[in-house]
Every structure is written in structure tokens, then in C-alpha cells.
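Notes follow once the structure below has been shown.
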Amino acid sequence: MIRRRIESQMIPMKRHSKSFLALVVLSLTSLHLISIYSIMETRGRGILGGENEELLDLAVQISPSNRKIGLEEKQANTTIHVSNDDDNDNVHETAVDKRKIVEEESAANHLSPNESQETAVIIPTHLVPSHPSLDLLLNTFHSIRQYIVGLHPKAPIIITVDNLLEDSPKNRGENGLLLLLNEDNRHKLELYLRALYKHFAHEENVKIVVAGKGIGLAENIKKAMDILHPQTKFMYIVQQDLPFVKQINHTAIVQVVKEYAQLVRIVRFNNYGSVNDVYKCNEPNITQEINAHGIILKKYKKWSDQNHFATIEHYKKDVLPATGGKVFPEARLQQLAFKNCTFYGPYYYFDKSRGGGGPWYTHVDGTERYGDKLVERLRSGQLDMKLLSKGNLKDLERSRINTTELMELNQRMRKADD
């Protein structure tokens, strides 16, 4: 019943139309302006678009209670269809000037400039097997508020939602353990987006940015950074399945980064009990350790895009340009950190009063690519075992899994489903 309702409310498009949908939902509650950004497009496939999509960096503003915002500028006579499925709003058409809307969005929808803007939190998400449930995300979301001590309660939190990659031989080979584009996954993603909107409708400092197609972690981080307030100088990158488990002294981190601005660009949080000494940065004339404001920062050459604190300037000038279009920043930044750890190597966070060197967060494997969760997906036939890499197979064998028997079971289950 739910699925029929959603499909009946999806926006019809002409078969060969090149129309796009870019949706930003503004919800006014009492004195608060809550903004949720959804950058989407459609090509005859409803809200989440279809095959061979191109990301449209455009925002059209509407209210969820039949309020129409008069953005009537033209852009190449393109008609943008906008509707709100949750409240049965009337579908209406608006022709918009891309440049004008982006400028108005930037000016109107940022929170008012104050101290809450100094540090933002970006939580990149993508479709995982447990969606549309929000449990995975909310566990991490609440851990941020619980364990990042000193972070302003109204600090901007940007939740990015990557879209689905095409189900192609290339993507199966490179991203086979992820959920790829098909009817069931598209439906699941739509439900996840609706759940996000409903849950955070009254969180005035939370924004949601949805990619029009699968663009990867680096590009999603860039999209989030593009809507930050100019006063935002720092940010946390916190992945959806990496909740914090111990208190982080945010106030001290900011103080140290400000005082040692020429040295500290990234502060990483370890998810193990200690950092292997093999990763120490031993380049000459380097400040290997900073002991100030009750915390200790130690220089290492092990770079990761898992939970970390960074300056906005470093990401804009150094990190994102260095990714070279790679999906995961660490694929390139790890190489650079090994070659030049003085500049690219992160400082690791230590705090004797709060647990020494970690672990500061835990990995709950939301993508279900490891251990028991992966085995269950294979046994049930949800995932084709032929897509596993040699590394995946070795991990299973180290866990004393009979991969030959598992392969036979996996293929039987998948044939039965066919």
C-alpha cells in the first residue's frame, strides 16, 4: 500500500524529456526556519531519476503546506516540476534561473551568523541494507551530540545522501558489495529520504543534501561544504556507521588548531587502542607532538577519511583538489601523506583524562561488507559471491569460513530467487 502511494505520487515526465527536478523543502514552524536541501533530477523515473543521469546543481524552494515561492526566472525554457509527496501538495511548474536560485539559496537559507557557525558536522550517507530505517544514522547522530564536548548545540549538521550507482559490469566489479541501481533499491532510497525529512523537520540546524546520481564520498563532502556559512572555519567528517564512543574535547581541539594553525590541519580520531609506531611521521624538523589545553596531538602519516576534524581551508585548497575525482579521498591522500607527512599527515588525538589514544569511535559496518554481516548476505543470496574481491575472500578464510561451501550455497539461493 505504501509503495503504491509513493509510486502514484511520483512526478510523470515525458518519455524523452530532459527536464530536471531540483527540490529544496522549506518548513516553517513557529519562529524557526528549517531547510532541507534535496538536489535531484528526474528522467521518467520519478523523484530519484533514472538511467544516465547528470547532477543538476540547482535548488528550487517550496513549502510543504501548499505555499509557492515566486521564483519565476527562465533558464533555457526548462520547466521544473515540484511537488511534496508527504502532504499531497498540488504539482506546479516553475521556470528558474539556475544562477539566481543558487545565489538566493546561499543568502537566505544559512543560519544567522554567530558563534554556532564556527564548526560544522558533515555526515555522508548512502543506501545500506538496513535502510529505510534511520537507526544506523541516528545512533551516530546522537553520539555526536553526546560525545563531542563543547560543540555548539546549534552547530550546522549537513547530512549528505549519495544516489545509486548504475548497475553496470564496471560498477559490479569495483563496487559490487554496495547497493546498485534497481527498482527495489530506488524504492528503498525514496523511503529513506522521506524518513529523513520527517525526522529532522524541526531541527533548524540540520540540512540534507541529496545527489542526483552516485558521485562518491569526495564529491558529496564538496556539496556539503558549498552550503556552509562563510564564518564556518572547521568541520567534522563523521561517517554514518562510525558512532563515537568516548568524549572528545572539542573546545581544546579548536584552541590548539587556532594556536598552531601552520601545523595542524587535520585531527584524526583512532578507532583502535593505539596507533602503530610504523606510521609515525619522522621527517626532519617536524613537530611530532603538541601538548596543550589538556590534550595531546601526535603526528602520523596514516591518512583516513574515517572520523576526523579538519579546517575548511585545508579541505578546499589541498584535500579535495588532490582527490583527482576518486570516490574516496583516502585513496589519494594516503599516498600524499606517505610522501610528505609534514604537510599531509594528520595529527592524532590523545586525551589521558578521557581514554588515552582511543578508540574514540567504533565501526558497526552499515554496508555489511565484513564478517558475520557479509556472510549472512551471501548465505541468503542477497549478494552474488562472485563479486567478492580476493581480499574479501581472504578475510572470510581468516575467519575460518569454508568459502567453497559458501559459494555453492550462495549460487543455489540466487538461482532459487531467479
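So you can find residues: chains in the C-alpha cells are A, B, ... in the order shown, residues in each start at 1, and ligands are numbered from 1 in order.
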
Please tabulate, as JSON lines, the residues of segment 287-390 of chain A that come within 9 Å of segment 250-268 of chain A, each with its closest pair of atoms and the distance in Å to one decimal, counting only C-alpha atoms and ordering rows by chain, then residue number upward.
```
{"residue": "A:Thr287", "atom": "CA", "partner": "A:Leu263", "partner_atom": "CA", "distance": 7.8}
{"residue": "A:Ile290", "atom": "CA", "partner": "A:Val256", "partner_atom": "CA", "distance": 8.4}
{"residue": "A:Asn291", "atom": "CA", "partner": "A:Val256", "partner_atom": "CA", "distance": 8.9}
{"residue": "A:Ala292", "atom": "CA", "partner": "A:Val256", "partner_atom": "CA", "distance": 6.7}
{"residue": "A:His293", "atom": "CA", "partner": "A:Ala252", "partner_atom": "CA", "distance": 5.6}
{"residue": "A:Gly294", "atom": "CA", "partner": "A:Ala252", "partner_atom": "CA", "distance": 7.1}
{"residue": "A:Ile295", "atom": "CA", "partner": "A:Ala252", "partner_atom": "CA", "distance": 6.9}
{"residue": "A:Leu297", "atom": "CA", "partner": "A:Val267", "partner_atom": "CA", "distance": 7.7}
{"residue": "A:Trp303", "atom": "CA", "partner": "A:Arg268", "partner_atom": "CA", "distance": 8.2}
{"residue": "A:Ser304", "atom": "CA", "partner": "A:Arg268", "partner_atom": "CA", "distance": 8.0}
{"residue": "A:Asp305", "atom": "CA", "partner": "A:Arg268", "partner_atom": "CA", "distance": 8.9}
{"residue": "A:Gln306", "atom": "CA", "partner": "A:Arg268", "partner_atom": "CA", "distance": 8.1}
{"residue": "A:Asn307", "atom": "CA", "partner": "A:Arg268", "partner_atom": "CA", "distance": 6.6}
{"residue": "A:His308", "atom": "CA", "partner": "A:Arg268", "partner_atom": "CA", "distance": 4.4}
{"residue": "A:Phe309", "atom": "CA", "partner": "A:Val267", "partner_atom": "CA", "distance": 5.0}
{"residue": "A:Ala310", "atom": "CA", "partner": "A:Ile266", "partner_atom": "CA", "distance": 4.3}
{"residue": "A:Thr311", "atom": "CA", "partner": "A:Arg265", "partner_atom": "CA", "distance": 5.7}
{"residue": "A:Ile312", "atom": "CA", "partner": "A:Arg265", "partner_atom": "CA", "distance": 8.9}
{"residue": "A:Glu313", "atom": "CA", "partner": "A:Arg265", "partner_atom": "CA", "distance": 8.6}
{"residue": "A:His314", "atom": "CA", "partner": "A:Arg265", "partner_atom": "CA", "distance": 6.2}
{"residue": "A:Tyr315", "atom": "CA", "partner": "A:Arg265", "partner_atom": "CA", "distance": 8.8}
{"residue": "A:Thr342", "atom": "CA", "partner": "A:Leu263", "partner_atom": "CA", "distance": 8.4}
{"residue": "A:Phe343", "atom": "CA", "partner": "A:Leu263", "partner_atom": "CA", "distance": 7.8}
{"residue": "A:Tyr344", "atom": "CA", "partner": "A:Arg265", "partner_atom": "CA", "distance": 8.3}
{"residue": "A:Gly345", "atom": "CA", "partner": "A:Ile266", "partner_atom": "CA", "distance": 8.0}
{"residue": "A:Pro346", "atom": "CA", "partner": "A:Ile266", "partner_atom": "CA", "distance": 5.0}
{"residue": "A:Tyr347", "atom": "CA", "partner": "A:Val267", "partner_atom": "CA", "distance": 4.9}
{"residue": "A:Tyr348", "atom": "CA", "partner": "A:Arg268", "partner_atom": "CA", "distance": 4.8}
{"residue": "A:Tyr349", "atom": "CA", "partner": "A:Arg268", "partner_atom": "CA", "distance": 6.1}
```

Output the selection as an mmCIF file, in the first residue's frame - N, CA, C and O atoms for each residue.
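So again_29.cif came out as:
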```
data_model
loop_
_atom_site.group_PDB
_atom_site.id
_atom_site.type_symbol
_atom_site.label_atom_id
_atom_site.label_comp_id
_atom_site.auth_asym_id
_atom_site.auth_seq_id
_atom_site.Cartn_x
_atom_site.Cartn_y
_atom_site.Cartn_z
ATOM 1 N N THR A 287 57.214 19.007 14.038
ATOM 2 C CA THR A 287 56.679 18.997 15.403
ATOM 3 C C THR A 287 55.850 17.729 15.545
ATOM 4 O O THR A 287 54.706 17.651 15.087
ATOM 5 N N ILE A 290 52.190 17.845 20.076
ATOM 6 C CA ILE A 290 51.718 19.109 20.648
ATOM 7 C C ILE A 290 50.932 18.774 21.902
ATOM 8 O O ILE A 290 49.945 18.029 21.849
ATOM 9 N N ASN A 291 51.366 19.305 23.022
ATOM 10 C CA ASN A 291 50.711 19.071 24.313
ATOM 11 C C ASN A 291 50.179 20.398 24.814
ATOM 12 O O ASN A 291 50.937 21.239 25.302
ATOM 13 N N ALA A 292 48.877 20.617 24.710
ATOM 14 C CA ALA A 292 48.300 21.906 25.086
ATOM 15 C C ALA A 292 46.821 21.755 25.399
ATOM 16 O O ALA A 292 46.131 20.904 24.826
ATOM 17 N N HIS A 293 46.337 22.580 26.320
ATOM 18 C CA HIS A 293 44.921 22.642 26.683
ATOM 19 C C HIS A 293 44.357 21.287 27.113
ATOM 20 O O HIS A 293 43.177 20.979 26.875
ATOM 21 N N GLY A 294 45.197 20.474 27.709
ATOM 22 C CA GLY A 294 44.738 19.205 28.268
ATOM 23 C C GLY A 294 44.668 18.057 27.291
ATOM 24 O O GLY A 294 44.230 16.960 27.658
ATOM 25 N N ILE A 295 45.061 18.286 26.037
ATOM 26 C CA ILE A 295 45.067 17.201 25.055
ATOM 27 C C ILE A 295 46.450 17.096 24.411
ATOM 28 O O ILE A 295 47.263 18.018 24.509
ATOM 29 N N LEU A 297 48.344 16.034 20.701
ATOM 30 C CA LEU A 297 48.228 15.701 19.285
ATOM 31 C C LEU A 297 49.558 15.145 18.807
ATOM 32 O O LEU A 297 50.603 15.767 19.005
ATOM 33 N N TRP A 303 46.689 8.395 6.782
ATOM 34 C CA TRP A 303 45.546 9.261 6.454
ATOM 35 C C TRP A 303 44.309 8.391 6.223
ATOM 36 O O TRP A 303 44.373 7.347 5.583
ATOM 37 N N SER A 304 43.185 8.838 6.724
ATOM 38 C CA SER A 304 41.940 8.105 6.526
ATOM 39 C C SER A 304 40.790 9.088 6.452
ATOM 40 O O SER A 304 40.817 10.148 7.092
ATOM 41 N N ASP A 305 39.753 8.739 5.666
ATOM 42 C CA ASP A 305 38.573 9.599 5.628
ATOM 43 C C ASP A 305 37.525 9.166 6.648
ATOM 44 O O ASP A 305 36.400 9.654 6.629
ATOM 45 N N GLN A 306 37.906 8.272 7.548
ATOM 46 C CA GLN A 306 37.026 7.987 8.679
ATOM 47 C C GLN A 306 37.037 9.195 9.615
ATOM 48 O O GLN A 306 37.699 10.196 9.344
ATOM 49 N N ASN A 307 36.320 9.137 10.714
ATOM 50 C CA ASN A 307 36.035 10.305 11.546
ATOM 51 C C ASN A 307 37.254 11.178 11.811
ATOM 52 O O ASN A 307 38.270 10.709 12.330
ATOM 53 N N HIS A 308 37.148 12.457 11.466
ATOM 54 C CA HIS A 308 38.231 13.398 11.714
ATOM 55 C C HIS A 308 37.707 14.831 11.760
ATOM 56 O O HIS A 308 36.589 15.125 11.345
ATOM 57 N N PHE A 309 38.557 15.708 12.279
ATOM 58 C CA PHE A 309 38.309 17.145 12.369
ATOM 59 C C PHE A 309 39.276 17.813 11.412
ATOM 60 O O PHE A 309 40.432 17.409 11.302
ATOM 61 N N ALA A 310 38.818 18.835 10.696
ATOM 62 C CA ALA A 310 39.690 19.480 9.713
ATOM 63 C C ALA A 310 39.327 20.949 9.557
ATOM 64 O O ALA A 310 38.215 21.382 9.887
ATOM 65 N N THR A 311 40.281 21.695 9.032
ATOM 66 C CA THR A 311 39.981 23.080 8.691
ATOM 67 C C THR A 311 39.332 23.112 7.312
ATOM 68 O O THR A 311 39.680 22.324 6.423
ATOM 69 N N ILE A 312 38.392 24.017 7.147
ATOM 70 C CA ILE A 312 37.725 24.174 5.858
ATOM 71 C C ILE A 312 38.739 24.560 4.783
ATOM 72 O O ILE A 312 38.702 24.050 3.653
ATOM 73 N N GLU A 313 39.655 25.432 5.142
ATOM 74 C CA GLU A 313 40.655 25.898 4.183
ATOM 75 C C GLU A 313 41.506 24.742 3.642
ATOM 76 O O GLU A 313 41.766 24.673 2.437
ATOM 77 N N HIS A 314 41.920 23.845 4.510
ATOM 78 C CA HIS A 314 42.751 22.724 4.075
ATOM 79 C C HIS A 314 41.996 21.819 3.112
ATOM 80 O O HIS A 314 42.543 21.371 2.093
ATOM 81 N N TYR A 315 40.737 21.549 3.407
ATOM 82 C CA TYR A 315 39.951 20.704 2.522
ATOM 83 C C TYR A 315 39.751 21.361 1.157
ATOM 84 O O TYR A 315 39.854 20.713 0.107
ATOM 85 N N THR A 342 54.824 15.715 6.584
ATOM 86 C CA THR A 342 54.926 17.016 7.250
ATOM 87 C C THR A 342 53.707 17.871 6.931
ATOM 88 O O THR A 342 53.140 18.525 7.811
ATOM 89 N N PHE A 343 53.276 17.844 5.676
ATOM 90 C CA PHE A 343 52.129 18.666 5.285
ATOM 91 C C PHE A 343 50.822 17.888 5.332
ATOM 92 O O PHE A 343 49.824 18.369 5.877
ATOM 93 N N TYR A 344 50.801 16.688 4.768
ATOM 94 C CA TYR A 344 49.544 15.959 4.626
ATOM 95 C C TYR A 344 49.237 15.023 5.794
ATOM 96 O O TYR A 344 48.085 14.615 5.969
ATOM 97 N N GLY A 345 50.227 14.665 6.564
ATOM 98 C CA GLY A 345 49.983 13.746 7.671
ATOM 99 C C GLY A 345 49.100 14.362 8.740
ATOM 100 O O GLY A 345 49.301 15.511 9.143
ATOM 101 N N PRO A 346 48.100 13.637 9.221
ATOM 102 C CA PRO A 346 47.211 14.169 10.259
ATOM 103 C C PRO A 346 47.839 14.064 11.643
ATOM 104 O O PRO A 346 48.736 13.253 11.879
ATOM 105 N N TYR A 347 47.361 14.897 12.537
ATOM 106 C CA TYR A 347 47.674 14.732 13.953
ATOM 107 C C TYR A 347 46.583 13.856 14.577
ATOM 108 O O TYR A 347 45.395 14.063 14.324
ATOM 109 N N TYR A 348 47.009 12.890 15.363
ATOM 110 C CA TYR A 348 46.059 12.008 16.043
ATOM 111 C C TYR A 348 45.769 12.544 17.442
ATOM 112 O O TYR A 348 46.656 13.068 18.115
ATOM 113 N N TYR A 349 44.525 12.379 17.842
ATOM 114 C CA TYR A 349 44.027 12.935 19.101
ATOM 115 C C TYR A 349 44.290 11.985 20.267
ATOM 116 O O TYR A 349 43.958 10.800 20.196
#
```

Exercise for review: Do a neighbour search on Lys302 of chain A at 7 Å with only C-alpha atoms, toss out local chain neighbours closer than 5 positions, and write the hits as number ranges by chain.
Suggested key: A: 279, 334, 337, 345

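Using only C-alpha atoms, the smallest distance between any of A:Leu320, A:Ile248, A:Met225, A:Ile286 and Gln146 of chain A comes from A:Ile248.
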
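Of the residues under consideration (A:Arg332, A:Ala416, A:Thr403, A:His229), A:Ala416 shows the shortest atom-to-atom contact distance to Gly381 of chain A when counting only C-alpha atoms.
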
Show me a table, sorted first by chain and then by increasing residue number, of the residues of segment 142-164 of chain A having an atom at most 10 Å from segment 233-236 of chain A, each with its shortest atom pair and the distance in Å to one decimal, counting only C-alpha atoms and written as CSV.
```
residue,atom,partner,partner_atom,distance
A:Ile144,CA,A:Tyr236,CA,9.7
A:Ile148,CA,A:Tyr236,CA,10.0
A:Ala155,CA,A:Met235,CA,9.8
A:Pro156,CA,A:Met235,CA,9.4
A:Ile157,CA,A:Tyr236,CA,9.4
```

Keeping all heavy atoms for every residue in the selection just given, could you write it to a file as a compact mmCIF listing (two decimals), in the first residue's frame?
```
# COMPACT_ATOMS: atom_id res chain seq x y z
N ILE A 144 27.31 12.12 18.28
CA ILE A 144 27.96 13.42 18.06
C ILE A 144 27.57 14.38 19.17
O ILE A 144 28.42 15.06 19.76
CB ILE A 144 27.58 13.97 16.67
CG1 ILE A 144 28.20 13.11 15.57
CG2 ILE A 144 28.02 15.42 16.52
CD1 ILE A 144 27.66 13.39 14.19
N ILE A 148 30.94 14.78 21.52
CA ILE A 148 31.78 15.91 21.12
C ILE A 148 31.50 17.06 22.09
O ILE A 148 30.60 17.88 21.88
CB ILE A 148 31.55 16.32 19.66
CG1 ILE A 148 31.79 15.13 18.74
CG2 ILE A 148 32.48 17.47 19.27
CD1 ILE A 148 31.66 15.44 17.26
N ALA A 155 25.27 23.96 16.13
CA ALA A 155 26.26 23.84 15.06
C ALA A 155 25.61 23.23 13.82
O ALA A 155 24.79 22.31 13.92
CB ALA A 155 27.43 22.97 15.52
N PRO A 156 25.92 23.74 12.63
CA PRO A 156 25.34 23.18 11.40
C PRO A 156 25.70 21.70 11.23
O PRO A 156 26.85 21.32 11.39
CB PRO A 156 25.97 24.02 10.29
CG PRO A 156 26.48 25.25 10.96
CD PRO A 156 26.85 24.85 12.35
N ILE A 157 24.71 20.90 10.92
CA ILE A 157 24.92 19.48 10.63
C ILE A 157 24.38 19.22 9.22
O ILE A 157 23.20 19.42 8.96
CB ILE A 157 24.23 18.58 11.66
CG1 ILE A 157 24.80 18.83 13.06
CG2 ILE A 157 24.39 17.11 11.27
CD1 ILE A 157 24.15 18.03 14.15
```

Fewer than 5 positions away in the same chain doesn't count, so skip those; otherwise give me all residues within 9 Å of Leu378 of chain A, counting only C-alpha atoms, as a tab-separated table (two decimals) with N, CA, C and O atoms, in the first residue's frame.
```
chain	number	residue	atom	x	y	z
A	373	LYS	N	28.04	-10.12	9.04
A	373	LYS	CA	27.03	-9.45	8.22
A	373	LYS	C	27.19	-9.80	6.75
A	373	LYS	O	26.22	-10.02	6.04
A	383	LEU	N	23.51	-11.18	-2.06
A	383	LEU	CA	24.70	-10.70	-2.74
A	383	LEU	C	25.35	-11.85	-3.50
A	383	LEU	O	25.44	-12.97	-2.99
A	384	ASP	N	25.77	-11.57	-4.71
A	384	ASP	CA	26.44	-12.57	-5.53
A	384	ASP	C	27.88	-12.72	-5.04
A	384	ASP	O	28.67	-11.77	-5.10
A	385	MET	N	28.25	-13.90	-4.58
A	385	MET	CA	29.58	-14.12	-4.04
A	385	MET	C	30.67	-13.95	-5.09
A	385	MET	O	31.83	-13.70	-4.76
A	406	LEU	N	30.30	-22.09	1.00
A	406	LEU	CA	29.52	-20.85	0.98
A	406	LEU	C	29.17	-20.44	-0.45
A	406	LEU	O	28.06	-20.00	-0.72
A	407	MET	N	30.11	-20.62	-1.36
A	407	MET	CA	29.85	-20.29	-2.76
A	407	MET	C	28.74	-21.17	-3.33
A	407	MET	O	27.85	-20.68	-4.04
A	409	LEU	N	26.29	-22.66	-1.69
A	409	LEU	CA	25.02	-22.24	-1.10
A	409	LEU	C	24.54	-20.92	-1.71
A	409	LEU	O	23.36	-20.76	-2.03
A	410	ASN	N	25.46	-20.00	-1.88
A	410	ASN	CA	25.13	-18.69	-2.42
A	410	ASN	C	24.53	-18.81	-3.82
A	410	ASN	O	23.49	-18.19	-4.12
A	411	GLN	N	25.13	-19.62	-4.67
A	411	GLN	CA	24.63	-19.75	-6.04
A	411	GLN	C	23.30	-20.48	-6.07
A	411	GLN	O	22.43	-20.16	-6.91
A	413	MET	N	20.96	-20.32	-3.73
A	413	MET	CA	19.97	-19.36	-3.25
A	413	MET	C	19.63	-18.34	-4.33
A	413	MET	O	18.48	-17.97	-4.50
```

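Distance check against Lys188 of chain A using only C-alpha atoms: of A:Leu165, A:Leu137, A:Val128, A:Leu217, the minimum falls on A:Val128.
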
Practice item. Taking the chain letters and numbering used in this document, name the residues of segment 162-387 of chain A that DSSP puts in helix (DSSP H, G or I), as a ChimeraX atom specification. Key: /A:169-175,183-199,216-226,250-259,277-279,312-322,329-339,341-344,352-354,371-380,385-387

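Closest approach to Ile122 of chain A among A:Asp318, A:Glu190, A:Asp226, A:Glu397: A:Asp226, based on only C-alpha atoms.
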
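Closest to Lys223 of chain A among A:Gly150, A:Pro284, A:Pro124, A:Pro132 is A:Pro124, based on only C-alpha atoms.
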
**Study point:** strand (DSSP E) per DSSP on the backbone: members of segment 169-332 of chain A, as number ranges by chain
**Key:** A: 206-210, 234-237, 248-249, 266-268, 289-292, 295-299, 308-311

Check your understanding: From the set A:Pro243, A:Pro230, A:Pro129, A:Pro169, which residue has the shortest atom-to-atom contact distance to Val364 of chain A, counting only C-alpha atoms?
Key -> A:Pro243

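Picture a line from atom CA of Phe244 of chain A to atom CA of Ser143 of chain A; it runs 5.4 Å.
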
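Separating atom CA of Asn171 of chain A from atom CA of Val210 of chain A is a distance of 20.4 Å.
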